[in-house]
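Trainee: protein_9.cif is the file, holding mmCIF, N, CA and C atoms and all ligand atoms:
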data_input
loop_
_atom_site.label_atom_id
_atom_site.label_comp_id
_atom_site.auth_asym_id
_atom_site.auth_seq_id
_atom_site.Cartn_x
_atom_site.Cartn_y
_atom_site.Cartn_z
N MET J 1 0.85 -1.20 0.00
CA MET J 1 0.00 0.00 0.00
C MET J 1 0.88 1.25 0.00
N GLU J 2 0.44 2.23 -0.71
CA GLU J 2 1.19 3.49 -0.77
C GLU J 2 1.24 4.15 0.61
N PRO J 3 2.36 4.75 0.93
CA PRO J 3 2.39 5.50 2.20
C PRO J 3 1.35 6.62 2.17
N GLU J 4 0.85 6.95 3.36
CA GLU J 4 -0.20 7.96 3.43
C GLU J 4 0.26 9.30 2.86
N ARG J 5 1.50 9.62 3.10
CA ARG J 5 2.04 10.88 2.59
C ARG J 5 1.94 10.96 1.07
N THR J 6 2.23 9.85 0.41
CA THR J 6 2.19 9.82 -1.05
C THR J 6 0.75 9.93 -1.55
N ARG J 7 -0.16 9.26 -0.88
CA ARG J 7 -1.56 9.29 -1.31
C ARG J 7 -2.19 10.66 -1.07
N THR J 8 -1.71 11.35 -0.05
CA THR J 8 -2.34 12.60 0.35
C THR J 8 -1.69 13.81 -0.29
N GLY J 9 -0.40 13.76 -0.49
CA GLY J 9 0.30 14.91 -1.04
C GLY J 9 0.50 15.97 0.02
N LEU J 10 0.42 17.21 -0.40
CA LEU J 10 0.78 18.32 0.49
C LEU J 10 -0.12 18.45 1.71
N CYS J 11 -1.38 18.09 1.57
CA CYS J 11 -2.30 18.22 2.71
C CYS J 11 -1.82 17.39 3.90
N PHE J 12 -1.02 16.40 3.63
CA PHE J 12 -0.57 15.50 4.68
C PHE J 12 0.03 16.24 5.87
N ASP J 13 0.84 17.24 5.59
CA ASP J 13 1.44 17.96 6.71
C ASP J 13 1.23 19.47 6.60
N CYS J 14 0.15 19.85 5.94
CA CYS J 14 -0.20 21.27 5.86
C CYS J 14 -0.96 21.67 7.12
N ARG J 15 -0.64 22.82 7.63
CA ARG J 15 -1.28 23.20 8.89
C ARG J 15 -2.77 23.56 8.72
N PHE J 16 -3.22 23.70 7.50
CA PHE J 16 -4.64 24.02 7.29
C PHE J 16 -5.50 22.78 7.08
N ALA J 17 -4.86 21.65 6.92
CA ALA J 17 -5.61 20.43 6.61
C ALA J 17 -6.19 19.80 7.87
N ARG J 18 -7.39 19.31 7.73
CA ARG J 18 -8.00 18.57 8.84
C ARG J 18 -8.46 17.22 8.31
N GLU J 19 -7.99 16.19 8.91
CA GLU J 19 -8.34 14.87 8.42
C GLU J 19 -9.71 14.47 8.96
N ILE J 20 -10.52 13.96 8.06
CA ILE J 20 -11.89 13.57 8.41
C ILE J 20 -12.06 12.10 8.06
N GLU J 21 -12.76 11.40 8.89
CA GLU J 21 -13.08 10.02 8.54
C GLU J 21 -14.59 9.90 8.45
N SER J 22 -15.05 9.40 7.32
CA SER J 22 -16.49 9.27 7.12
C SER J 22 -17.02 8.08 7.90
N SER J 23 -18.34 8.02 8.02
CA SER J 23 -18.93 6.91 8.76
C SER J 23 -18.66 5.58 8.06
N ARG J 24 -18.34 5.66 6.79
CA ARG J 24 -18.03 4.41 6.07
C ARG J 24 -16.54 4.09 6.06
N GLY J 25 -15.80 4.88 6.81
CA GLY J 25 -14.39 4.54 7.00
C GLY J 25 -13.44 5.13 5.97
N SER J 26 -13.96 5.90 5.00
CA SER J 26 -13.02 6.50 4.06
C SER J 26 -12.49 7.80 4.67
N ARG J 27 -11.26 8.11 4.34
CA ARG J 27 -10.64 9.27 4.95
C ARG J 27 -10.36 10.31 3.88
N PHE J 28 -10.58 11.54 4.27
CA PHE J 28 -10.31 12.62 3.33
C PHE J 28 -9.87 13.84 4.13
N PHE J 29 -9.52 14.88 3.43
CA PHE J 29 -8.99 16.06 4.10
C PHE J 29 -9.85 17.28 3.80
N LEU J 30 -10.08 18.04 4.83
CA LEU J 30 -10.80 19.30 4.68
C LEU J 30 -9.76 20.42 4.70
N CYS J 31 -9.84 21.29 3.71
CA CYS J 31 -8.89 22.39 3.64
C CYS J 31 -9.42 23.58 4.44
N GLY J 32 -8.75 23.94 5.49
CA GLY J 32 -9.19 25.04 6.34
C GLY J 32 -9.16 26.38 5.64
N ARG J 33 -8.34 26.50 4.63
CA ARG J 33 -8.26 27.76 3.89
C ARG J 33 -9.55 28.01 3.10
N SER J 34 -10.25 26.96 2.75
CA SER J 34 -11.45 27.12 1.92
C SER J 34 -12.52 27.93 2.63
N GLU J 35 -12.49 27.97 3.96
CA GLU J 35 -13.51 28.72 4.69
C GLU J 35 -13.37 30.22 4.43
N ALA J 36 -12.15 30.68 4.31
CA ALA J 36 -11.92 32.11 4.09
C ALA J 36 -11.73 32.45 2.61
N ASP J 37 -11.32 31.47 1.84
CA ASP J 37 -10.98 31.74 0.45
C ASP J 37 -11.55 30.64 -0.46
N PRO J 38 -12.62 30.98 -1.19
CA PRO J 38 -13.27 29.97 -2.03
C PRO J 38 -12.40 29.45 -3.17
N ALA J 39 -11.24 30.07 -3.37
CA ALA J 39 -10.33 29.55 -4.39
C ALA J 39 -9.80 28.17 -4.00
N PHE J 40 -9.87 27.87 -2.71
CA PHE J 40 -9.40 26.56 -2.26
C PHE J 40 -10.59 25.62 -2.14
N PRO J 41 -10.44 24.42 -2.67
CA PRO J 41 -11.54 23.47 -2.56
C PRO J 41 -11.70 23.00 -1.12
N ARG J 42 -12.95 22.83 -0.70
CA ARG J 42 -13.19 22.38 0.67
C ARG J 42 -12.59 20.99 0.89
N TYR J 43 -12.82 20.14 -0.06
CA TYR J 43 -12.27 18.78 0.02
C TYR J 43 -11.36 18.58 -1.18
N PRO J 44 -10.09 18.91 -1.04
CA PRO J 44 -9.19 18.84 -2.19
C PRO J 44 -9.05 17.41 -2.71
N ARG J 45 -8.92 17.34 -3.99
CA ARG J 45 -8.72 16.05 -4.63
C ARG J 45 -7.28 15.60 -4.38
N LEU J 46 -7.16 14.43 -3.83
CA LEU J 46 -5.84 13.94 -3.43
C LEU J 46 -5.23 13.04 -4.51
N PRO J 47 -3.92 13.01 -4.63
CA PRO J 47 -2.97 13.80 -3.85
C PRO J 47 -2.86 15.23 -4.37
N VAL J 48 -2.68 16.14 -3.45
CA VAL J 48 -2.43 17.53 -3.81
C VAL J 48 -0.93 17.67 -4.08
N VAL J 49 -0.58 17.91 -5.34
CA VAL J 49 0.84 17.96 -5.68
C VAL J 49 1.38 19.39 -5.74
N ALA J 50 0.49 20.35 -5.90
CA ALA J 50 0.92 21.75 -5.89
C ALA J 50 -0.18 22.57 -5.26
N CYS J 51 0.18 23.45 -4.35
CA CYS J 51 -0.84 24.27 -3.70
C CYS J 51 -0.21 25.56 -3.22
N GLY J 52 -0.78 26.69 -3.64
CA GLY J 52 -0.25 27.99 -3.26
C GLY J 52 -0.50 28.31 -1.80
N GLY J 53 -1.36 27.56 -1.15
CA GLY J 53 -1.69 27.87 0.24
C GLY J 53 -0.99 26.98 1.24
N TYR J 54 -0.20 26.07 0.75
CA TYR J 54 0.45 25.11 1.65
C TYR J 54 1.38 25.79 2.62
N GLU J 55 1.24 25.44 3.88
CA GLU J 55 2.22 25.85 4.90
C GLU J 55 2.46 24.65 5.79
N LYS J 56 3.70 24.32 5.89
CA LYS J 56 4.04 23.13 6.67
C LYS J 56 3.69 23.33 8.13
N GLU J 57 3.09 22.30 8.66
CA GLU J 57 2.74 22.32 10.08
C GLU J 57 4.01 22.22 10.90
N ARG J 58 4.12 23.03 11.91
CA ARG J 58 5.33 22.98 12.72
C ARG J 58 5.35 21.70 13.52
N GLY J 59 6.48 21.07 13.53
CA GLY J 59 6.61 19.85 14.31
C GLY J 59 6.02 18.64 13.65
N ALA J 60 5.63 18.78 12.37
CA ALA J 60 5.08 17.63 11.67
C ALA J 60 6.18 16.59 11.46
N PRO J 61 5.81 15.36 11.55
CA PRO J 61 6.81 14.34 11.32
C PRO J 61 7.33 14.39 9.89
N GLN J 62 8.56 14.11 9.72
CA GLN J 62 9.16 14.16 8.37
C GLN J 62 8.61 13.04 7.51
N ASP J 63 8.32 11.94 8.14
CA ASP J 63 7.81 10.82 7.37
C ASP J 63 6.94 9.95 8.28
N ARG J 64 5.95 9.34 7.65
CA ARG J 64 5.11 8.45 8.42
C ARG J 64 4.84 7.21 7.60
S1 LIG R 101 -3.89 24.88 1.76
FE1 LIG R 101 -3.46 23.37 0.12
S2 LIG R 101 -2.11 21.87 1.06
FE2 LIG R 101 -3.09 23.02 2.71
S3 LIG R 101 -4.92 21.87 3.26
FE3 LIG R 101 -5.54 23.35 1.74
S4 LIG R 101 -5.37 22.27 -0.21
FE4 LIG R 101 -4.20 21.10 1.28
#
Would you kindly transcribe this structure into structure tokens?
Ligand code: SF4
Mentor:
Amino acid sequence: MEPERTRTGLCFDCRFAREIESSRGSRFFLCGRSEADPAFPRYPRLPVVACGGYEKERGAPQDR
């Protein structure tokens, strides 16, 4: 199985991303920037390979 970082892309350790798990067990990410700026999708299509809003979360693990 692909590592989660690869499947998720930038949202994996972006400080605006919030991981959500649906009742059916699928996991996706909510982009916190979308609340203030509609240019960002609420639920970005993964993996996010390029994003102008990405900011690395401080203290995020380098790899998981
Ligand atoms: S700003 Fe970009 S990288 Fe960060 S959560 Fe939103 S879509 Fe993902």
Trainee: Could I get the residue neighbourhood of ligand LIG 101 (chain R) at 6.5 Å, counting only N, CA and C atoms and all ligand atoms, as a compact mmCIF listing (two decimals) with N, CA and C atoms, keeping the file's coordinate frame?
Mentor:
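Saved file out.txt follows:
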# COMPACT_ATOMS: atom_id res chain seq x y z
N LEU J 10 0.42 17.21 -0.40
CA LEU J 10 0.78 18.32 0.49
C LEU J 10 -0.12 18.45 1.71
N CYS J 11 -1.38 18.09 1.57
CA CYS J 11 -2.30 18.22 2.71
C CYS J 11 -1.82 17.39 3.90
N PHE J 12 -1.02 16.40 3.63
CA PHE J 12 -0.57 15.50 4.68
C PHE J 12 0.03 16.24 5.87
N CYS J 14 0.15 19.85 5.94
CA CYS J 14 -0.20 21.27 5.86
C CYS J 14 -0.96 21.67 7.12
N ARG J 15 -0.64 22.82 7.63
CA ARG J 15 -1.28 23.20 8.89
C ARG J 15 -2.77 23.56 8.72
N PHE J 16 -3.22 23.70 7.50
CA PHE J 16 -4.64 24.02 7.29
C PHE J 16 -5.50 22.78 7.08
N ALA J 17 -4.86 21.65 6.92
CA ALA J 17 -5.61 20.43 6.61
C ALA J 17 -6.19 19.80 7.87
N ARG J 18 -7.39 19.31 7.73
CA ARG J 18 -8.00 18.57 8.84
C ARG J 18 -8.46 17.22 8.31
N LEU J 30 -10.08 18.04 4.83
CA LEU J 30 -10.80 19.30 4.68
C LEU J 30 -9.76 20.42 4.70
N CYS J 31 -9.84 21.29 3.71
CA CYS J 31 -8.89 22.39 3.64
C CYS J 31 -9.42 23.58 4.44
N GLY J 32 -8.75 23.94 5.49
CA GLY J 32 -9.19 25.04 6.34
C GLY J 32 -9.16 26.38 5.64
N ARG J 33 -8.34 26.50 4.63
CA ARG J 33 -8.26 27.76 3.89
C ARG J 33 -9.55 28.01 3.10
N SER J 34 -10.25 26.96 2.75
CA SER J 34 -11.45 27.12 1.92
C SER J 34 -12.52 27.93 2.63
N PHE J 40 -9.87 27.87 -2.71
CA PHE J 40 -9.40 26.56 -2.26
C PHE J 40 -10.59 25.62 -2.14
N PRO J 41 -10.44 24.42 -2.67
CA PRO J 41 -11.54 23.47 -2.56
C PRO J 41 -11.70 23.00 -1.12
N PRO J 44 -10.09 18.91 -1.04
CA PRO J 44 -9.19 18.84 -2.19
C PRO J 44 -9.05 17.41 -2.71
N VAL J 48 -2.68 16.14 -3.45
CA VAL J 48 -2.43 17.53 -3.81
C VAL J 48 -0.93 17.67 -4.08
N ALA J 50 0.49 20.35 -5.90
CA ALA J 50 0.92 21.75 -5.89
C ALA J 50 -0.18 22.57 -5.26
N CYS J 51 0.18 23.45 -4.35
CA CYS J 51 -0.84 24.27 -3.70
C CYS J 51 -0.21 25.56 -3.22
N GLY J 52 -0.78 26.69 -3.64
CA GLY J 52 -0.25 27.99 -3.26
C GLY J 52 -0.50 28.31 -1.80
N GLY J 53 -1.36 27.56 -1.15
CA GLY J 53 -1.69 27.87 0.24
C GLY J 53 -0.99 26.98 1.24
N TYR J 54 -0.20 26.07 0.75
CA TYR J 54 0.45 25.11 1.65
C TYR J 54 1.38 25.79 2.62
N GLU J 55 1.24 25.44 3.88
CA GLU J 55 2.22 25.85 4.90
C GLU J 55 2.46 24.65 5.79
Trainee: Can you check which residues of chain J DSSP gives as strand (DSSP E or B) on the backbone and send them as a PyMOL selection string?
Mentor: chain J and resi 9+14+17-21+27-31+48+56
Trainee: Between atom CA of J:Arg58 and atom C of J:Glu21, what is the distance, to one decimal in Å?
Mentor: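 Taking atom CA of J:Arg58 as the start and atom C of J:Glu21 as the end point, the length is 24.2 Å.
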Trainee: Can you tell me how far atom CA of J:Glu4 sits from atom CA of J:Arg24, in Å to one decimal?
Mentor: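 Answer for the atom CA of J:Glu4 to atom CA of J:Arg24 separation: 18.4 Å.
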Trainee: Suppose you want the space between atom N of J:Asp37 and atom CA of J:Arg7; what is it in Å?
Mentor: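 We find that atom N of J:Asp37 and atom CA of J:Arg7 lie 24.4 Å from each other.
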Trainee: Residues of chain J classed as helix (DSSP H, G or I) by DSSP on the backbone are to be reported as a list in words.
Mentor: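 Here is the list: Glu4, Arg5, Thr6, Arg7, Thr8, Leu10, Cys11, Phe12, Asp13, Gly32, Arg33, Ser34 and Glu35 of chain J.
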